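Colleague: What follows is my_file03.cif, made up of mmCIF, C-alpha atoms and all ligand atoms:
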```cif
data_model
loop_
_atom_site.label_atom_id
_atom_site.label_comp_id
_atom_site.auth_asym_id
_atom_site.auth_seq_id
_atom_site.Cartn_x
_atom_site.Cartn_y
_atom_site.Cartn_z
CA MET O 130 74.01 127.34 88.42
CA ALA O 131 72.40 126.81 91.88
CA SER O 132 69.08 125.05 91.42
CA PRO O 133 66.05 126.28 93.38
CA GLU O 134 64.82 122.68 93.89
CA LEU O 135 67.86 121.62 95.90
CA PRO O 136 67.39 121.38 99.67
CA ARG O 137 69.29 123.78 101.88
CA TYR O 138 71.68 122.56 104.54
CA THR O 139 69.61 122.01 107.66
CA LEU O 140 72.12 120.52 110.12
CA PRO O 141 73.81 122.91 112.53
CA MET O 142 76.78 124.41 110.72
CA PRO O 143 80.03 122.77 111.85
CA SER O 144 82.33 125.09 113.71
CA GLY O 145 85.89 125.21 114.96
CA ARG O 146 88.01 122.40 113.58
CA ASN O 147 85.10 120.60 111.94
CA HIS O 148 85.44 120.73 108.15
CA GLY O 149 81.96 119.62 107.08
CA ILE O 150 81.92 116.90 104.38
CA LEU O 151 85.31 115.22 104.04
CA ILE O 152 85.95 113.70 100.61
CA ALA O 153 88.87 111.26 100.60
CA GLY O 154 90.63 110.88 97.23
CA GLY O 155 90.97 113.51 94.50
CA GLY O 156 90.46 111.20 91.50
CA ILE O 157 87.43 111.16 89.22
CA SER O 158 84.65 110.41 91.71
CA GLY O 159 86.00 112.47 94.63
CA SER O 160 86.72 115.50 92.44
CA LEU O 161 83.31 115.40 90.77
CA ALA O 162 81.54 115.11 94.14
CA ALA O 163 83.46 118.12 95.50
CA LEU O 164 82.84 120.11 92.34
CA ALA O 165 79.10 119.42 92.35
CA MET O 166 78.81 120.46 95.99
CA ALA O 167 80.84 123.64 95.47
CA ARG O 168 78.66 124.62 92.51
CA LEU O 169 75.21 123.49 93.61
CA ARG O 170 75.39 123.52 97.42
CA PRO O 171 77.89 126.30 98.15
CA GLU O 172 76.46 126.75 101.68
CA VAL O 173 77.72 123.29 102.75
CA PRO O 174 81.33 123.16 103.97
CA ILE O 175 83.51 120.58 102.18
CA LEU O 176 87.13 119.48 102.20
CA LEU O 177 88.61 117.39 99.37
CA VAL O 178 91.78 115.55 100.42
CA GLY O 179 94.02 113.75 97.89
CA GLU O 180 97.52 112.35 97.87
CA GLU O 181 98.42 113.51 94.38
CA ALA O 182 99.39 116.99 93.22
CA GLY O 183 96.51 117.15 90.72
CA PHE O 184 92.82 116.25 90.63
CA GLY O 185 90.76 114.12 88.26
CA GLY O 186 92.91 111.01 87.88
CA ASN O 187 95.18 110.47 84.92
CA ARG O 188 93.00 109.16 82.15
CA THR O 189 91.03 110.62 79.26
CA LEU O 190 87.57 109.04 79.28
CA LEU O 191 84.81 108.97 76.69
CA LEU O 192 81.32 109.70 77.93
CA PHE O 193 78.12 109.00 76.00
CA ASP O 194 75.57 111.77 75.95
CA ASP O 195 72.65 109.34 76.35
CA ASP O 196 74.03 108.47 79.80
CA LEU O 197 73.23 112.01 80.93
CA ASP O 198 70.15 114.02 81.80
CA GLU O 199 69.96 117.82 81.57
CA ALA O 200 71.61 118.32 84.97
CA GLY O 201 74.41 115.92 84.00
CA ARG O 202 75.01 117.75 80.70
CA ASP O 203 75.22 121.08 82.50
CA PHE O 204 77.57 119.63 85.04
CA ILE O 205 80.07 118.10 82.59
CA ALA O 206 80.23 121.06 80.18
CA PRO O 207 83.33 122.63 81.80
CA LEU O 208 85.04 119.20 82.04
CA THR O 209 84.65 118.47 78.34
CA ALA O 210 87.71 118.78 76.10
CA GLU O 211 85.86 117.82 72.90
CA SER O 212 82.40 116.63 71.81
CA TRP O 213 81.24 114.78 68.69
CA ASP O 214 77.91 113.88 67.12
CA GLY O 215 78.87 110.21 66.94
CA TYR O 216 81.68 107.69 66.69
CA TYR O 217 82.98 104.97 64.38
CA VAL O 218 83.35 101.24 64.88
CA ALA O 219 85.46 99.24 62.42
CA PHE O 220 85.39 95.46 61.98
CA PRO O 221 86.99 93.45 59.17
CA GLY O 222 84.97 94.07 56.04
CA ARG O 223 82.73 96.79 57.46
CA SER O 224 82.84 100.00 59.39
CA ARG O 225 79.98 102.08 60.67
CA LYS O 226 79.31 105.58 61.93
CA ILE O 227 77.05 105.43 64.98
CA ARG O 228 75.20 108.65 65.57
CA LEU O 229 75.35 108.77 69.35
CA ARG O 230 76.77 111.97 70.78
CA CYS O 231 79.85 111.59 72.98
CA HIS O 232 82.36 113.70 74.89
CA ALA O 233 85.99 113.43 75.96
CA ILE O 234 86.54 114.28 79.63
CA THR O 235 90.19 114.92 80.46
CA PRO O 236 91.99 115.04 83.82
CA ASP O 237 93.41 118.52 83.12
CA ARG O 238 89.87 119.87 82.65
CA ILE O 239 88.75 118.30 85.94
CA ASP O 240 91.84 119.66 87.69
CA SER O 241 91.21 123.24 86.44
CA ALA O 242 87.50 123.01 87.30
CA VAL O 243 88.33 121.93 90.88
CA ARG O 244 90.85 124.73 91.35
CA GLU O 245 88.46 127.32 89.92
CA GLY O 246 85.32 125.97 91.60
CA LEU O 247 86.67 125.35 95.12
CA ARG O 248 88.26 127.87 97.43
CA PRO O 249 91.88 127.01 98.41
CA ASP O 250 90.71 126.16 101.95
CA GLN O 251 88.34 123.52 100.47
CA TYR O 252 91.04 121.19 99.18
CA ARG O 253 94.35 119.68 100.23
CA THR O 254 96.81 117.86 97.95
CA GLY O 255 99.81 115.65 98.71
CA GLU O 256 98.11 114.13 101.78
CA LYS O 257 98.13 110.36 102.19
CA ILE O 258 95.07 109.21 104.12
CA VAL O 259 95.77 106.16 106.26
CA GLY O 260 92.34 105.80 107.87
CA ALA O 261 88.76 106.83 107.08
CA ARG O 262 85.94 106.73 109.64
CA ASP O 263 82.40 107.99 109.24
CA GLN O 264 83.29 111.46 110.57
CA SER O 265 87.06 111.78 110.36
CA LEU O 266 90.15 111.11 108.28
CA LEU O 267 93.55 110.12 109.62
CA LEU O 268 96.52 111.42 107.66
CA ASN O 269 99.94 109.86 107.33
CA GLY O 270 101.60 112.41 109.60
CA SER O 271 99.04 111.34 112.26
CA GLU O 272 96.89 114.48 111.89
CA THR O 273 93.15 113.77 112.31
CA ILE O 274 90.69 115.85 110.29
CA ALA O 275 87.22 116.01 111.79
CA GLY O 276 84.03 116.50 109.79
CA VAL O 277 80.26 115.98 109.75
CA GLY O 278 80.51 113.05 107.35
CA VAL O 279 83.05 111.22 105.19
CA LEU O 280 82.91 110.00 101.59
CA ASP O 281 85.71 107.59 100.77
CA ALA O 282 86.61 107.89 97.06
CA ARG O 283 90.13 106.40 97.21
CA ALA O 284 89.54 104.04 94.26
CA TRP O 285 89.65 100.28 94.51
CA VAL O 286 90.66 98.15 97.45
CA HIS O 287 93.06 95.29 97.00
CA GLN O 288 90.79 92.62 98.41
CA THR O 289 87.57 92.11 96.56
CA THR O 290 84.58 89.86 97.02
CA LEU O 291 83.53 90.59 93.45
CA GLU O 292 84.10 88.26 90.51
CA LEU O 293 85.74 90.40 87.88
CA GLY O 294 87.20 90.23 84.41
CA TRP O 295 89.49 93.03 83.25
CA ARG O 296 89.61 95.60 80.49
CA LYS O 297 93.25 96.60 80.27
CA SER O 298 94.65 99.34 78.11
CA VAL O 299 97.68 101.42 77.24
CA ALA O 300 97.07 104.74 75.51
CA ARG O 301 99.46 107.24 73.97
CA LEU O 302 98.78 110.78 72.87
CA PHE O 303 100.49 111.54 69.55
CA ARG O 304 100.88 114.91 67.89
CA PHE O 305 101.30 114.49 64.15
CA GLU O 306 103.02 116.85 61.72
CA ALA O 307 100.00 116.75 59.40
CA PRO O 308 96.30 116.50 60.33
CA HIS O 309 95.39 112.88 61.15
CA ARG O 310 91.92 113.27 59.52
CA VAL O 311 90.13 111.25 62.22
CA ASP O 312 87.05 113.47 62.59
CA ARG O 313 85.35 111.62 65.49
CA PRO O 314 86.36 108.88 67.95
CA VAL O 315 86.92 105.36 66.72
CA LEU O 316 85.42 103.42 69.61
CA ILE O 317 86.47 99.99 68.39
CA ASP O 318 88.83 99.03 65.58
CA THR O 319 89.45 95.29 65.24
CA THR O 320 90.71 95.46 61.65
CA VAL O 321 94.40 95.10 62.45
CA THR O 322 94.21 92.59 65.32
CA ALA O 323 93.85 88.86 64.86
CA ASP O 324 93.46 88.15 68.60
CA ASN O 325 90.71 89.50 70.86
CA ALA O 326 92.41 92.85 71.38
CA PHE O 327 91.31 96.04 69.65
CA PHE O 328 92.18 99.72 69.28
CA SER O 329 90.41 102.95 69.99
CA CYS O 330 91.28 106.51 68.87
CA ILE O 331 90.18 109.84 70.32
CA PRO O 332 90.95 112.93 68.21
CA LEU O 333 91.68 115.67 70.74
CA SER O 334 92.52 118.21 67.99
CA ALA O 335 93.28 118.17 64.24
CA ASP O 336 96.83 116.97 64.87
CA ALA O 337 96.53 115.28 68.30
CA LEU O 338 95.26 111.73 68.56
CA MET O 339 94.97 109.49 71.61
CA VAL O 340 95.54 105.91 70.42
CA GLU O 341 94.56 103.16 72.86
CA TYR O 342 95.34 99.46 72.79
CA ILE O 343 92.67 97.45 74.68
CA GLU O 344 92.50 93.82 75.72
CA HIS O 345 90.11 91.92 77.97
CA SER O 346 91.26 89.06 80.15
CA VAL O 347 90.70 87.24 83.41
CA SER O 348 93.94 88.62 84.88
CA PRO O 349 94.47 92.28 85.90
CA ASP O 350 98.19 92.17 85.02
CA LEU O 351 98.97 94.69 82.32
CA ASP O 352 102.02 94.25 80.09
CA HIS O 353 102.85 97.88 79.39
CA ALA O 354 105.68 97.29 76.93
CA ALA O 355 103.60 94.82 74.90
CA GLY O 356 100.70 97.31 74.75
CA ALA O 357 103.03 100.09 73.61
CA ALA O 358 104.49 97.81 70.92
CA ARG O 359 100.97 97.03 69.66
CA ILE O 360 100.29 100.77 69.38
CA ASP O 361 103.42 101.15 67.21
CA GLU O 362 102.20 98.34 64.95
CA TYR O 363 98.79 100.02 64.69
CA LEU O 364 100.33 103.38 63.71
CA LYS O 365 102.34 101.61 61.02
CA ALA O 366 99.29 99.74 59.73
CA ARG O 367 97.36 103.02 59.53
CA GLY O 368 100.27 104.77 57.81
CA TRP O 369 100.53 107.43 60.52
CA LYS O 370 104.02 108.73 60.94
CA GLY O 371 103.90 109.98 64.49
CA ARG O 372 106.46 111.91 66.42
CA GLU O 373 107.31 110.76 69.89
CA TYR O 374 104.16 110.46 71.99
CA GLU O 375 103.43 113.36 74.35
CA ARG O 376 101.74 111.44 77.13
CA GLU O 377 101.00 107.86 78.12
CA GLU O 378 97.99 106.65 80.08
CA SER O 379 97.07 103.16 81.20
CA ALA O 380 94.05 101.59 82.82
CA VAL O 381 92.97 98.30 84.33
CA LEU O 382 89.19 98.55 84.55
CA PRO O 383 86.90 95.99 86.19
CA VAL O 384 84.31 94.07 84.18
CA ALA O 385 81.67 92.82 86.64
CA LEU O 386 80.83 89.13 86.47
CA GLY O 387 79.22 88.54 89.87
CA GLY O 388 80.10 88.18 93.55
CA ASP O 389 79.00 89.31 96.98
CA PHE O 390 78.30 93.02 96.58
CA GLY O 391 77.17 93.59 100.18
CA ALA O 392 80.48 92.25 101.46
CA TYR O 393 82.40 94.34 98.90
CA TRP O 394 80.73 97.50 100.19
CA ARG O 395 81.75 96.68 103.78
CA ILE O 396 85.49 96.30 103.00
CA GLY O 397 87.55 99.09 104.53
CA GLY O 398 84.95 100.41 106.98
CA ALA O 399 81.47 99.08 107.57
CA ARG O 400 79.81 102.47 108.20
CA VAL O 401 81.83 104.68 105.88
CA ALA O 402 80.13 106.04 102.75
CA LYS O 403 82.00 105.19 99.56
CA LEU O 404 82.15 106.61 96.07
CA GLY O 405 83.79 105.48 92.83
CA ALA O 406 85.32 102.05 92.39
CA ARG O 407 85.49 101.63 96.18
CA GLY O 408 81.71 101.89 96.35
CA GLY O 409 81.20 99.63 93.31
CA PHE O 410 80.21 102.60 91.15
CA PHE O 411 81.49 101.58 87.73
CA HIS O 412 79.92 100.54 84.44
CA PRO O 413 79.65 96.74 84.54
CA THR O 414 80.92 96.20 80.98
CA SER O 415 83.21 99.11 80.12
CA GLY O 416 84.48 99.51 83.70
CA SER O 417 84.26 103.30 83.32
CA PRO O 418 83.77 105.14 86.62
CA LEU O 419 82.60 108.33 84.91
CA PRO O 420 78.80 108.00 84.41
CA ASP O 421 78.34 106.78 87.98
CA ALA O 422 80.68 109.51 89.29
CA ILE O 423 78.43 112.15 87.71
CA ASP O 424 75.30 110.44 89.03
CA THR O 425 76.65 110.11 92.60
CA ALA O 426 78.01 113.69 92.62
CA LEU O 427 74.56 115.02 91.74
CA LEU O 428 72.89 112.62 94.20
CA LEU O 429 75.11 114.07 96.94
CA THR O 430 73.92 117.59 96.14
CA ARG O 431 70.30 116.49 96.68
CA GLN O 432 70.91 115.39 100.29
CA ARG O 433 69.66 117.20 103.36
CA ASP O 434 71.57 115.25 106.00
CA PHE O 435 75.33 115.04 105.51
CA ALA O 436 76.16 113.16 108.72
CA GLY O 437 78.44 110.17 108.10
CA ALA O 438 75.75 107.59 108.90
CA ALA O 439 73.18 109.24 106.61
CA LEU O 440 75.70 109.45 103.74
CA HIS O 441 76.59 105.81 104.28
CA ASP O 442 72.97 104.68 104.09
CA CYS O 443 72.23 106.83 101.04
CA PHE O 444 75.18 105.63 98.96
CA GLU O 445 75.04 102.03 100.12
CA SER O 446 71.41 101.67 99.10
CA HIS O 447 72.06 103.48 95.80
CA ALA O 448 75.02 101.18 95.02
CA ALA O 449 73.04 98.07 95.94
CA ALA O 450 70.10 99.13 93.73
CA LEU O 451 72.42 99.77 90.78
CA TRP O 452 74.11 96.40 91.30
CA LYS O 453 70.74 94.66 91.25
CA ARG O 454 69.54 96.51 88.12
CA ARG O 455 72.75 95.57 86.30
CA GLU O 456 72.44 91.79 86.63
CA TYR O 457 71.65 91.45 82.91
CA LEU O 458 74.94 93.11 81.98
CA ARG O 459 76.89 90.89 84.38
CA GLY O 460 75.27 87.85 82.77
CA PHE O 461 76.23 89.28 79.38
CA ASN O 462 79.84 89.67 80.60
CA ARG O 463 79.93 86.15 82.05
CA LEU O 464 78.95 84.61 78.77
CA LEU O 465 81.38 86.74 76.83
CA PHE O 466 84.19 85.86 79.22
CA ARG O 467 83.56 82.13 78.87
CA ALA O 468 86.52 81.95 76.53
CA GLY O 469 88.56 84.15 78.87
CA SER O 470 88.11 87.27 76.79
CA LEU O 471 85.66 89.39 74.82
CA PRO O 472 85.26 88.00 71.29
CA HIS O 473 85.28 90.38 68.31
CA THR O 474 82.22 88.64 66.89
CA ALA O 475 80.16 89.71 69.92
CA LEU O 476 81.29 93.33 69.58
CA ASP O 477 80.58 93.24 65.86
CA GLY O 478 77.06 91.92 66.56
CA LEU O 479 76.39 94.46 69.32
CA TYR O 480 77.53 97.48 67.31
CA GLY O 481 75.55 96.34 64.27
CA LEU O 482 72.30 97.02 66.20
CA ASP O 483 70.02 100.03 66.09
CA PRO O 484 71.77 103.04 67.76
CA ALA O 485 68.90 103.41 70.23
CA VAL O 486 69.53 99.85 71.51
CA ILE O 487 73.28 100.53 71.67
CA ALA O 488 72.58 103.74 73.62
CA ARG O 489 70.54 101.88 76.24
CA PHE O 490 73.22 99.17 76.48
CA GLN O 491 75.89 101.85 76.97
CA ALA O 492 73.76 103.52 79.64
CA GLY O 493 73.74 100.16 81.45
CA GLU O 494 69.98 99.65 81.31
CA PRO O 495 68.77 97.78 78.22
CA GLY O 496 65.07 96.86 78.35
CA LEU O 497 63.58 93.43 77.64
CA PHE O 498 63.21 94.09 73.91
CA ASP O 499 66.81 95.35 73.76
CA ARG O 500 68.07 92.28 75.60
CA ASN O 501 66.49 89.92 73.08
CA LYS O 502 68.10 91.87 70.26
CA ILE O 503 71.48 91.95 72.02
CA ASN O 504 71.34 88.22 72.82
CA ALA O 505 70.55 87.32 69.23
CA ALA O 506 73.21 89.64 67.78
CA THR O 507 76.01 88.55 70.10
CA GLY O 508 75.30 84.82 70.08
CA ARG O 509 74.42 84.57 73.76
C1 LIG G 1 87.58 95.77 92.67
C2 LIG G 1 88.28 96.73 91.77
C3 LIG G 1 89.61 96.53 91.48
C4 LIG G 1 90.31 97.43 90.65
N1 LIG G 1 91.62 97.20 90.40
C5 LIG G 1 92.32 98.06 89.63
C6 LIG G 1 93.72 97.86 89.39
O1 LIG G 1 94.30 96.83 89.81
N2 LIG G 1 94.40 98.78 88.67
C7 LIG G 1 93.76 99.89 88.16
O2 LIG G 1 94.40 100.73 87.50
N3 LIG G 1 92.44 100.08 88.34
C8 LIG G 1 91.72 99.20 89.06
N4 LIG G 1 90.39 99.39 89.25
C9 LIG G 1 89.72 100.47 88.51
C10 LIG G 1 89.93 101.89 88.99
O3 LIG G 1 90.01 101.98 90.36
C11 LIG G 1 88.81 102.73 88.44
O4 LIG G 1 88.76 102.66 87.09
C12 LIG G 1 88.82 104.20 88.60
O5 LIG G 1 90.00 104.81 88.69
C13 LIG G 1 87.81 104.51 89.63
O6 LIG G 1 87.58 105.90 89.77
P1 LIG G 1 87.65 106.45 91.22
O7 LIG G 1 87.15 107.82 91.19
O8 LIG G 1 87.05 105.47 92.14
O9 LIG G 1 89.20 106.42 91.49
P2 LIG G 1 90.39 107.29 90.91
O10 LIG G 1 89.99 108.18 89.80
O11 LIG G 1 91.50 106.32 90.66
O12 LIG G 1 90.74 108.21 92.15
C14 LIG G 1 91.18 107.75 93.38
C15 LIG G 1 92.01 108.86 93.99
O13 LIG G 1 92.24 108.54 95.35
C16 LIG G 1 93.57 108.84 95.65
N5 LIG G 1 93.98 108.01 96.74
C17 LIG G 1 94.08 106.67 96.77
N6 LIG G 1 94.51 106.26 97.97
C18 LIG G 1 94.71 107.38 98.71
C19 LIG G 1 95.16 107.61 100.01
N7 LIG G 1 95.50 106.61 100.82
N8 LIG G 1 95.25 108.90 100.44
C20 LIG G 1 94.88 109.93 99.64
N9 LIG G 1 94.44 109.77 98.39
C21 LIG G 1 94.36 108.50 97.93
C22 LIG G 1 94.33 108.52 94.37
O14 LIG G 1 95.56 109.21 94.34
C23 LIG G 1 93.37 109.03 93.32
O15 LIG G 1 93.58 110.38 93.02
C24 LIG G 1 89.65 98.52 90.07
C25 LIG G 1 88.29 98.72 90.36
C26 LIG G 1 87.61 97.83 91.18
C27 LIG G 1 86.14 98.06 91.44
#
```
Is it possible to give me this structure as structure tokens?

Modeller:
Amino acid sequence: MASPELPRYTLPMPSGRNHGILIAGGGISGSLAALAMARLRPEVPILLVGEEAGFGGNRTLLLFDDDLDEAGRDFIAPLTAESWDGYYVAFPGRSRKIRLRCHAITPDRIDSAVREGLRPDQYRTGEKIVGARDQSLLLNGSETIAGVGVLDARAWVHQTTLELGWRKSVARLFRFEAPHRVDRPVLIDTTVTADNAFFSCIPLSADALMVEYIEHSVSPDLDHAAGAARIDEYLKARGWKGREYEREESAVLPVALGGDFGAYWRIGGARVAKLGARGGFFHPTSGSPLPDAIDTALLLTRQRDFAGAALHDCFESHAAALWKRREYLRGFNRLLFRAGSLPHTALDGLYGLDPAVIARFQAGEPGLFDRNKINAATGR
């Protein structure tokens, strides 16, 4: 899959105890960056260091095909558990099939891809990183790993200079005795919730269904038990007699409202390159880290200079440009969060639009014409 257009590594090859590019954090963004380098720039030494036993985080994420270009589609193919030609949305009194292709990316697929794509000397698990500098990582046992450059992908930092709302969810994977007959994802189902919460379903096979309870609020605190109870109510309302669930996932995803992005980037190391949530790479409205993780992984493979300072400048300017381009979506979020949550009426209006407009909204870059349509449909 190596592309002839990609630059070759031109810095002197690191030697001795220098490990090349050090990627801190084996979640979604760190794993995808390592995977892209191993596949597309195999001549560049890398080391992926994570504290968990597995790679790829712990959440199943939906990805919209319109967010991807050809290189992105190629890249995610081995990470894809299932693909569909569209999805459903269901609001009281009306449901709709939206013909926009989407994929389910699962942590187990990412984990297998990393283990198959990287040599064993290119990754380390079970290592807590206590410090990241532009060319080295400090591990808990006080070992220092030296490299050419560092990419810090250890998810979010506790302090933030960003103004955020939150998309919080609890999801359970059920395996039913009979086929559930959900033939494509249900992105939003508000038909059984009177409040501003909603449900989502991802059919991972004929008898396996991931059911997710989602709520938006101004607080990141997630009430797990309450979310699980809402899932039980939903199963009952749908008439699905499930067995015990096989797996539970939860997420607290940021919804960007505003804030000082330059200061956010500098938290935790002014000259250290950052990926994923730590670098502000997340979709402003859905909070998903996945589209940006694919984009930044492929951006990394196009670099010629992997020194820490060069990586920092590359990813800082990319993050800042994305933040600027996404101001419309933050404004959209601010208005929707006026009441402290995301109203069903706004979702109903948005998903009643032409699929092409929805696709550009999902990709984070609606044009002027789209914005007028979205504003009118959502009551902005
Ligand atoms: C400001 C902000 C606040 C957020 N707050 C929350 C929150 O409160 N709760 C929540 O669930 N989500 C939160 N998120 C969202 C969450 O971080 C992202 O959705 C998502 O996981 C980002 O993908 P990622 O690749 O950056 O991180 P992940 O996919 O989460 O991967 C990070 C990886 O780094 C590893 N790691 C972390 N620290 C170390 C370490 N010291 N040593 C070694 N490895 C390490 C983790 O084990 C994990 O594998 C927040 C995001 C932002 C931007």

Colleague: Name each residue within 8 Å of ligand LIG 1 (chain G), counting only C-alpha atoms and all ligand atoms, as a VMD selection string.

Modeller: chain O and resid 153 to 160 178 to 181 183 to 187 255 to 260 268 282 to 291 293 349 to 350 379 to 383 404 to 411 416 to 419 422

Colleague: Pick the closest to O:Tyr374 from O:Asp421, O:Gly278, O:Phe490, O:Ala300: which is it, counting only C-alpha atoms?

Modeller: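 Counting only C-alpha atoms, the residue closest to O:Tyr374 is O:Ala300.
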
Colleague: Using only C-alpha atoms, which residues of stretch 305-356 of chain O come within 12 Å of stretch 224-227 of chain O, and what is the closest atom pair for each, with the distance in Å to one decimal? Give it as JSON lines, sorted by chain and residue number.

Modeller:
```
{"residue": "O:Asp312", "atom": "CA", "partner": "O:Lys226", "partner_atom": "CA", "distance": 11.1}
{"residue": "O:Arg313", "atom": "CA", "partner": "O:Lys226", "partner_atom": "CA", "distance": 9.3}
{"residue": "O:Pro314", "atom": "CA", "partner": "O:Lys226", "partner_atom": "CA", "distance": 9.8}
{"residue": "O:Val315", "atom": "CA", "partner": "O:Lys226", "partner_atom": "CA", "distance": 9.0}
{"residue": "O:Leu316", "atom": "CA", "partner": "O:Ile227", "partner_atom": "CA", "distance": 9.8}
{"residue": "O:Ile317", "atom": "CA", "partner": "O:Ser224", "partner_atom": "CA", "distance": 9.7}
{"residue": "O:Asp318", "atom": "CA", "partner": "O:Ser224", "partner_atom": "CA", "distance": 8.7}
{"residue": "O:Thr319", "atom": "CA", "partner": "O:Ser224", "partner_atom": "CA", "distance": 10.0}
{"residue": "O:Thr320", "atom": "CA", "partner": "O:Ser224", "partner_atom": "CA", "distance": 9.4}
```

Colleague: Write out as a JSON list (two decimals) with C-alpha atoms, in the frame of the given file which residues come within 7 Å of stretch 425-428 of chain O when counting all atoms listed in the file, dropping same-chain ones fewer than 6 positions away.

Modeller:
```json
[["chain", "number", "residue", "atom", "x", "y", "z"],
["O", 161, "LEU", "CA", 83.31, 115.40, 90.77],
["O", 162, "ALA", "CA", 81.54, 115.11, 94.14],
["O", 165, "ALA", "CA", 79.10, 119.42, 92.35]]
```

Colleague: Tell me which protein, DNA and RNA residues are within 12 Å of O:Gly276, counting all atoms listed in the file, leaving out same-chain ones fewer than 2 positions away, and put them as an NGL selection string.

Modeller: :O and (142-153 or 173-177 or 261-267 or 273-274 or 278-280 or 435-437)

Colleague: Looking at all atoms listed in the file, which of O:Val340, O:Arg489, O:Val384, O:Ser348 is the one that sits closest to O:Arg367?

Modeller: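 With all atoms listed in the file as the atom set, the closest residue is O:Val340.
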
Colleague: So how far away is atom CA of O:Asp195 from atom CA of O:Ala485, in Å?

Modeller: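 Atom CA of O:Ala485 sits 9.3 Å away from atom CA of O:Asp195.
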
Colleague: Rank O:Asp194, O:Glu245, O:Asp389, O:Glu172 by their smallest atom-to-atom distance to O:Ala492, using all atoms listed in the file, and report the top residue only.

Modeller: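 Nearest to O:Ala492: O:Asp194.
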
Colleague: Find the residues near O:Val311: any atom within 9 Å, counting only C-alpha atoms, skip ones fewer than 2 places away on the same chain, and give them as a VMD selection string.

Modeller: chain O and resid 308 to 309 313 to 315 330 to 332 335 338
